[in-house]
file protein.txt (compact mmCIF, C-alpha atoms and all ligand atoms)
# COMPACT_ATOMS: atom_id res chain seq x y z
CA MET A 1 0.00 0.00 0.00
CA LYS A 2 1.44 3.34 -1.06
CA LEU A 3 0.87 6.27 1.27
CA ALA A 4 1.13 9.98 0.64
CA VAL A 5 1.53 11.89 3.91
CA LEU A 6 0.47 15.54 4.15
CA ALA A 7 1.86 17.50 7.08
CA SER A 8 2.23 21.06 8.33
CA GLY A 9 4.14 20.44 11.54
CA ARG A 10 6.86 18.44 13.19
CA GLY A 11 5.72 15.11 11.79
CA SER A 12 5.74 12.83 14.81
CA ASN A 13 2.87 10.87 13.23
CA LEU A 14 4.93 10.56 10.06
CA ALA A 15 7.77 9.22 12.23
CA ALA A 16 5.37 6.73 13.83
CA ILE A 17 4.25 5.51 10.39
CA LEU A 18 7.87 5.07 9.28
CA GLU A 19 8.76 3.24 12.50
CA ALA A 20 5.81 0.91 12.06
CA ILE A 21 6.90 0.14 8.50
CA ASP A 22 10.47 -0.53 9.69
CA ALA A 23 9.22 -2.78 12.48
CA GLY A 24 6.99 -4.79 10.15
CA ARG A 25 3.80 -3.56 11.86
CA LEU A 26 2.62 -1.75 8.75
CA GLU A 27 2.90 -3.25 5.33
CA GLY A 28 3.36 -0.39 2.94
CA SER A 29 5.56 2.49 1.96
CA VAL A 30 5.52 6.26 2.11
CA ALA A 31 5.59 7.43 -1.50
CA ALA A 32 5.88 11.12 -0.66
CA VAL A 33 5.57 13.72 2.09
CA ILE A 34 3.94 16.95 1.03
CA ALA A 35 3.57 20.10 3.12
CA ASP A 36 1.84 23.46 2.77
CA ARG A 37 4.81 25.25 4.30
CA ASP A 38 8.42 24.65 5.30
CA ALA A 39 7.46 22.03 7.89
CA PRO A 40 9.94 19.99 9.97
CA ALA A 41 8.11 16.91 8.65
CA LEU A 42 9.76 17.56 5.28
CA GLU A 43 13.20 17.32 6.91
CA ARG A 44 12.24 13.99 8.45
CA ALA A 45 11.24 12.74 5.03
CA ARG A 46 14.41 13.98 3.36
CA ALA A 47 16.51 12.36 6.08
CA ARG A 48 14.93 9.07 5.00
CA GLY A 49 15.53 9.75 1.33
CA LEU A 50 11.80 10.10 0.67
CA PRO A 51 10.36 12.53 -1.87
CA ALA A 52 9.48 15.68 0.09
CA GLU A 53 7.70 18.57 -1.52
CA GLN A 54 6.21 21.91 -0.59
CA VAL A 55 3.03 23.24 -2.16
CA PRO A 56 2.91 26.56 -0.29
CA PHE A 57 -0.60 27.57 0.78
CA ARG A 58 -2.05 30.43 -1.27
CA LYS A 59 -4.94 31.99 0.60
CA ALA A 60 -5.86 34.39 -2.21
CA ASP A 61 -5.86 31.56 -4.69
CA ARG A 62 -7.34 28.74 -2.67
CA ALA A 63 -8.95 26.76 -5.50
CA ALA A 64 -5.78 26.81 -7.61
CA TRP A 65 -3.69 25.79 -4.59
CA ASP A 66 -6.07 22.92 -3.96
CA ALA A 67 -5.75 21.75 -7.56
CA ASP A 68 -1.94 22.05 -7.45
CA LEU A 69 -1.87 20.07 -4.22
CA ALA A 70 -4.05 17.34 -5.75
CA GLU A 71 -1.74 17.16 -8.75
CA ALA A 72 1.40 16.98 -6.60
CA VAL A 73 -0.07 14.15 -4.53
CA ALA A 74 -1.54 12.28 -7.51
CA ALA A 75 1.88 12.29 -9.19
CA HIS A 76 2.95 9.73 -6.56
CA ALA A 77 -0.09 7.51 -7.19
CA PRO A 78 -0.89 6.81 -3.52
CA ASP A 79 -3.48 4.26 -2.46
CA VAL A 80 -4.24 6.30 0.65
CA VAL A 81 -3.61 9.94 1.57
CA VAL A 82 -2.85 10.54 5.26
CA LEU A 83 -3.29 13.96 6.85
CA ALA A 84 -0.80 13.82 9.71
CA GLY A 85 -0.99 17.25 11.28
CA PHE A 86 -2.02 18.97 8.05
CA MET A 87 -3.51 22.28 9.11
CA ARG A 88 -5.44 23.23 5.96
CA ILE A 89 -8.95 22.43 4.86
CA LEU A 90 -8.96 20.52 1.60
CA GLY A 91 -11.16 21.78 -1.21
CA GLU A 92 -13.51 20.02 -3.56
CA ARG A 93 -10.90 19.41 -6.26
CA PHE A 94 -8.64 17.54 -3.86
CA LEU A 95 -11.47 15.56 -2.27
CA LYS A 96 -12.81 14.48 -5.67
CA HIS A 97 -9.38 13.24 -6.67
CA PHE A 98 -9.14 10.77 -3.79
CA PRO A 99 -12.69 9.71 -2.86
CA LYS A 100 -12.86 7.74 0.42
CA ARG A 101 -9.08 7.50 0.47
CA ILE A 102 -8.10 10.46 2.67
CA LEU A 103 -7.57 9.86 6.39
CA ASN A 104 -7.02 12.36 9.18
CA VAL A 105 -5.86 11.95 12.76
CA HIS A 106 -7.39 14.39 15.23
CA PRO A 107 -6.50 14.88 18.92
CA SER A 108 -9.96 14.44 20.46
CA LEU A 109 -12.74 11.91 20.63
CA LEU A 110 -14.80 13.30 17.76
CA PRO A 111 -17.44 14.58 17.37
CA ALA A 112 -16.32 16.40 20.53
CA PHE A 113 -13.84 19.24 20.01
CA PRO A 114 -13.29 19.48 16.25
CA GLY A 115 -10.95 22.13 14.87
CA ALA A 116 -7.69 23.56 16.16
CA ARG A 117 -6.75 23.57 19.87
CA ALA A 118 -8.75 20.42 20.65
CA PRO A 119 -6.70 19.52 23.78
CA GLN A 120 -7.32 22.98 25.30
CA ALA A 121 -11.02 22.71 24.45
CA ALA A 122 -11.19 19.34 26.23
CA ILE A 123 -9.56 20.83 29.35
CA ASP A 124 -11.85 23.87 29.27
CA ALA A 125 -14.89 21.60 29.03
CA GLY A 126 -13.73 19.61 32.07
CA VAL A 127 -14.01 16.20 30.39
CA ARG A 128 -12.30 13.28 32.15
CA LEU A 129 -11.53 11.36 28.97
CA SER A 130 -10.16 12.54 25.70
CA GLY A 131 -8.15 10.79 23.03
CA CYS A 132 -7.70 10.63 19.31
CA THR A 133 -9.77 9.80 16.28
CA VAL A 134 -8.78 8.48 12.89
CA HIS A 135 -11.46 9.39 10.37
CA LEU A 136 -12.14 9.74 6.68
CA VAL A 137 -11.96 13.29 5.42
CA ASP A 138 -14.98 15.02 3.92
CA ALA A 139 -15.69 18.67 3.16
CA GLY A 140 -16.29 19.60 6.81
CA VAL A 141 -13.84 20.29 9.62
CA ASP A 142 -13.12 16.94 11.33
CA THR A 143 -16.56 15.63 10.38
CA GLY A 144 -15.89 12.57 8.18
CA PRO A 145 -16.83 8.98 9.10
CA ILE A 146 -14.98 7.71 12.17
CA LEU A 147 -12.74 4.67 11.60
CA ALA A 148 -11.08 4.22 15.02
CA GLN A 149 -10.63 5.98 18.34
CA ALA A 150 -8.42 5.62 21.39
CA ALA A 151 -9.06 7.20 24.77
CA VAL A 152 -6.72 8.72 27.33
CA PRO A 153 -7.54 10.25 30.72
CA VAL A 154 -7.45 13.98 31.34
CA LEU A 155 -5.47 14.22 34.57
CA PRO A 156 -5.54 16.85 37.30
CA GLY A 157 -3.06 19.62 36.53
CA ASP A 158 -3.04 18.93 32.79
CA ASP A 159 -2.39 21.81 30.47
CA ALA A 160 -2.94 21.57 26.71
CA ASP A 161 0.65 20.50 26.02
CA ARG A 162 0.65 17.75 28.62
CA LEU A 163 -2.68 16.38 27.45
CA HIS A 164 -1.67 16.64 23.78
CA ALA A 165 1.54 14.69 24.46
CA ARG A 166 -0.49 11.93 26.13
CA ILE A 167 -2.90 11.88 23.19
CA GLN A 168 -0.06 11.78 20.69
CA ALA A 169 1.42 8.71 22.37
CA VAL A 170 -1.75 6.82 21.41
CA GLU A 171 -2.04 8.48 18.00
CA HIS A 172 1.36 7.00 17.23
CA ARG A 173 -0.02 3.51 17.82
CA LEU A 174 -3.51 3.88 16.45
CA LEU A 175 -2.77 5.53 13.10
CA PRO A 176 -0.27 2.92 11.85
CA ALA A 177 -2.57 0.13 13.09
CA VAL A 178 -5.51 1.57 11.14
CA LEU A 179 -3.38 1.92 8.00
CA ASP A 180 -2.17 -1.64 8.39
CA ALA A 181 -5.76 -2.86 8.72
CA ILE A 182 -6.71 -1.02 5.52
CA GLY A 183 -3.78 -2.60 3.69
CA ARG A 184 -4.78 -6.04 4.91
CA GLY A 185 -8.39 -5.56 3.86
CA GLN A 186 -9.58 -5.63 7.48
CA LEU A 187 -11.09 -2.16 7.32
CA ASP A 188 -13.31 -1.28 4.40
CA LEU A 189 -13.10 2.41 3.56
CA SER A 190 -16.30 2.44 1.55
CA THR A 191 -18.45 1.04 4.38
CA HIS A 192 -16.22 2.14 7.34
CA GLN A 193 -16.65 -1.36 8.73
CA TRP A 194 -13.96 -3.43 10.36
CA THR A 195 -13.94 -6.94 8.97
CA GLY A 196 -11.14 -8.17 11.17
CA PRO A 197 -9.69 -7.42 14.59
CA LEU A 198 -7.53 -4.37 15.21
CA GLY A 199 -4.40 -6.40 14.59
CA ASP A 200 -1.79 -4.45 16.49
CA ALA A 201 -1.56 -5.34 20.17
CA ASP A 202 -0.22 -1.91 21.10
CA ALA A 203 -3.16 -0.22 19.43
CA ARG A 204 -5.57 -2.49 21.30
CA ALA A 205 -3.84 -1.50 24.52
CA ALA A 206 -4.15 2.15 23.54
CA LEU A 207 -7.91 1.75 23.44
CA LEU A 208 -7.78 1.05 27.17
CA ALA A 209 -5.11 3.66 27.83
CA PRO A 210 -3.65 2.51 31.15
CA PRO A 211 -1.81 5.55 32.55
CA GLY A 212 1.63 3.91 32.26
CA LEU A 213 1.18 3.47 28.54
CA ALA A 214 -0.48 6.82 28.06
CA GLU A 215 2.34 8.68 29.80
CA ARG A 216 5.00 7.31 27.47
CA ALA A 217 6.67 10.21 25.69
CA PRO A 218 5.79 10.73 22.06
CA ALA A 219 8.52 10.09 19.47
C1 LIG A 301 -1.54 15.60 15.91
O1 LIG A 301 -1.82 15.71 17.27
C2 LIG A 301 -2.80 15.39 15.11
O2 LIG A 301 -3.82 14.79 15.83
C3 LIG A 301 -3.20 16.78 14.74
O3 LIG A 301 -2.00 17.47 14.54
C4 LIG A 301 -0.97 16.88 15.33
C5 LIG A 301 0.20 16.63 14.42
O4 LIG A 301 1.34 16.28 15.10
N1 LIG A 301 -4.06 16.76 13.59
P1 LIG A 301 2.64 15.78 14.34
O5 LIG A 301 3.03 16.86 13.32
O6 LIG A 301 2.34 14.48 13.67
O7 LIG A 301 3.67 15.67 15.40

call {"tool": "encode", "arguments": {"input": "protein.txt", "output": "structure tokens"}}
result
Amino acid sequence: MKLAVLASGRGSNLAAILEAIDAGRLEGSVAAVIADRDAPALERARARGLPAEQVPFRKADRAAWDADLAEAVAAHAPDVVVLAGFMRILGERFLKHFPKRILNVHPSLLPAFPGARAPQAAIDAGVRLSGCTVHLVDAGVDTGPILAQAAVPVLPGDDADRLHARIQAVEHRLLPAVLDAIGRGQLDLSTHQWTGPLGDADARAALLAPPGLAERAPA
């Protein structure tokens, strides 16, 4: 399974995908990493000898940017497009190019707390559990069909960074496990149904989020 990874940030989820591939927990390859700005994720990709490309965001020319982005990604012929910390909303052109093949990872238990600053929103709301969601991308903001979720506790004294780090530790297990399941035909992207177990033992453990596991530092 060929993946195209879109990122705007430091790329710890990209690193988790690459680690899972190296460890044999994810059958597939990263065909390209594409960013909307000069993101540290591009450096990670280059360090691995992977194609890394910038399609700088053009606010005044959103539709053309969207089409350029679709073209840049399509050039690598990915089976699945993964938004791993990609901070832009994709337009119609892009979505039409890759129907039911774009995944996003979001740091909350959707549909609670969509959008930016989800960990802070969870703290402000006083919830006791948060986590992460892997979902298919549609035209809304974090609204597409949910494929998998993992929970972590919100602990006394948490600030947004502390909670986000705990959430990211489970993102790094869940996202590669979901991708692996798709590659193995155990998760059907057209029906959103799992036809097999969540194969990765770490990801299963993440669903329960014992504090010891949840506190492990993100990569
Ligand atoms: C992750 O927490 C993800 O849920 C959100 O953006 C963050 C990206 O982190 N969409 P990284 O760039 O993968 O480290």

call {"tool": "closest_atom_pairs", "arguments": {"input": "protein.txt", "of": "chain A", "to": "ligand LIG 301 (chain A)", "cutoff": "6 Å", "atoms": "only C-alpha atoms and all ligand atoms", "output": "Markdown table"}}
result
| residue | atom | partner | partner_atom | distance |
| --- | --- | --- | --- | --- |
| A:Gly9 | CA | A:LIG301 | O5 | 4.1 |
| A:Arg10 | CA | A:LIG301 | O5 | 4.1 |
| A:Gly11 | CA | A:LIG301 | O5 | 3.6 |
| A:Ser12 | CA | A:LIG301 | O7 | 3.6 |
| A:Asn13 | CA | A:LIG301 | O6 | 3.7 |
| A:Leu14 | CA | A:LIG301 | O6 | 5.9 |
| A:Ala84 | CA | A:LIG301 | O6 | 5.1 |
| A:Gly85 | CA | A:LIG301 | C5 | 3.4 |
| A:Val105 | CA | A:LIG301 | O2 | 4.7 |
| A:His106 | CA | A:LIG301 | O2 | 3.6 |
| A:Pro107 | CA | A:LIG301 | O2 | 4.1 |
| A:Gln168 | CA | A:LIG301 | O1 | 5.5 |

call {"tool": "closest_residue", "arguments": {"input": "protein.txt", "among": "A:Leu179, A:Ala112, A:Ile17, A:Leu90", "to": "Asp66 (chain A)", "atoms": "all atoms listed in the file"}}
result
A:Leu90

call {"tool": "closest_residue", "arguments": {"input": "protein.txt", "among": "A:Pro78, A:Gly131, A:Gly115, A:Gly24", "to": "Val154 (chain A)", "atoms": "only C-alpha atoms"}}
result
A:Gly131

call {"tool": "atom_distance", "arguments": {"input": "protein.txt", "atom1": "CA of Leu26 (chain A)", "atom2": "CA of Glu71 (chain A)"}}
result
26.1 Å

call {"tool": "residues_around", "arguments": {"input": "protein.txt", "residues": "Leu129 (chain A)", "least_positions_apart": "2", "cutoff": "6 Å", "atoms": "all atoms listed in the file", "output": "PyMOL selection string"}}
result
chain A and resi 127+152-154

call {"tool": "closest_residue", "arguments": {"input": "protein.txt", "among": "A:Ala121, A:Ala139, A:Val134, A:Ile89", "to": "Leu163 (chain A)", "atoms": "only C-alpha atoms"}}
result
A:Ala121

call {"tool": "axis_aligned_box", "arguments": {"input": "protein.txt", "around": "region 185-194 of chain A", "padding_each_side": "6 Å", "output": "JSON"}}
result
{"center_x": -13.4, "center_y": -1.6, "center_z": 6.0, "size_x": 22.1, "size_y": 20.1, "size_z": 20.8}

call {"tool": "closest_residue", "arguments": {"input": "protein.txt", "among": "A:Ala20, A:Leu69, A:Val81, A:Met1", "to": "Leu174 (chain A)", "atoms": "all atoms listed in the file"}}
result
A:Ala20

call {"tool": "closest_residue", "arguments": {"input": "protein.txt", "among": "A:Ser190, A:Gln149, A:Thr143, A:Ser8", "to": "Pro40 (chain A)", "atoms": "all atoms listed in the file"}}
result
A:Ser8

call {"tool": "residues_around", "arguments": {"input": "protein.txt", "residues": "Val82 (chain A)", "least_positions_apart": "4", "cutoff": "8 Å", "atoms": "only C-alpha atoms", "output": "list in words"}}
result
Leu3, Ala4, Val5, Leu6, Ile102, Leu103 and Asn104 of chain A

call {"tool": "residues_around", "arguments": {"input": "protein.txt", "residues": "Glu53 (chain A)", "least_positions_apart": "4", "cutoff": "8 Å", "atoms": "all atoms listed in the file", "output": "PDB file with C-alpha atoms, in the coordinates of the input"}}
result
ATOM      1  CA  ALA A  32       5.880  11.120  -0.660  1.00  0.00           C
ATOM      2  CA  VAL A  33       5.570  13.720   2.090  1.00  0.00           C
ATOM      3  CA  ILE A  34       3.940  16.950   1.030  1.00  0.00           C
ATOM      4  CA  ALA A  35       3.570  20.100   3.120  1.00  0.00           C
ATOM      5  CA  LEU A  42       9.760  17.560   5.280  1.00  0.00           C
TER       6      LEU A  42
END
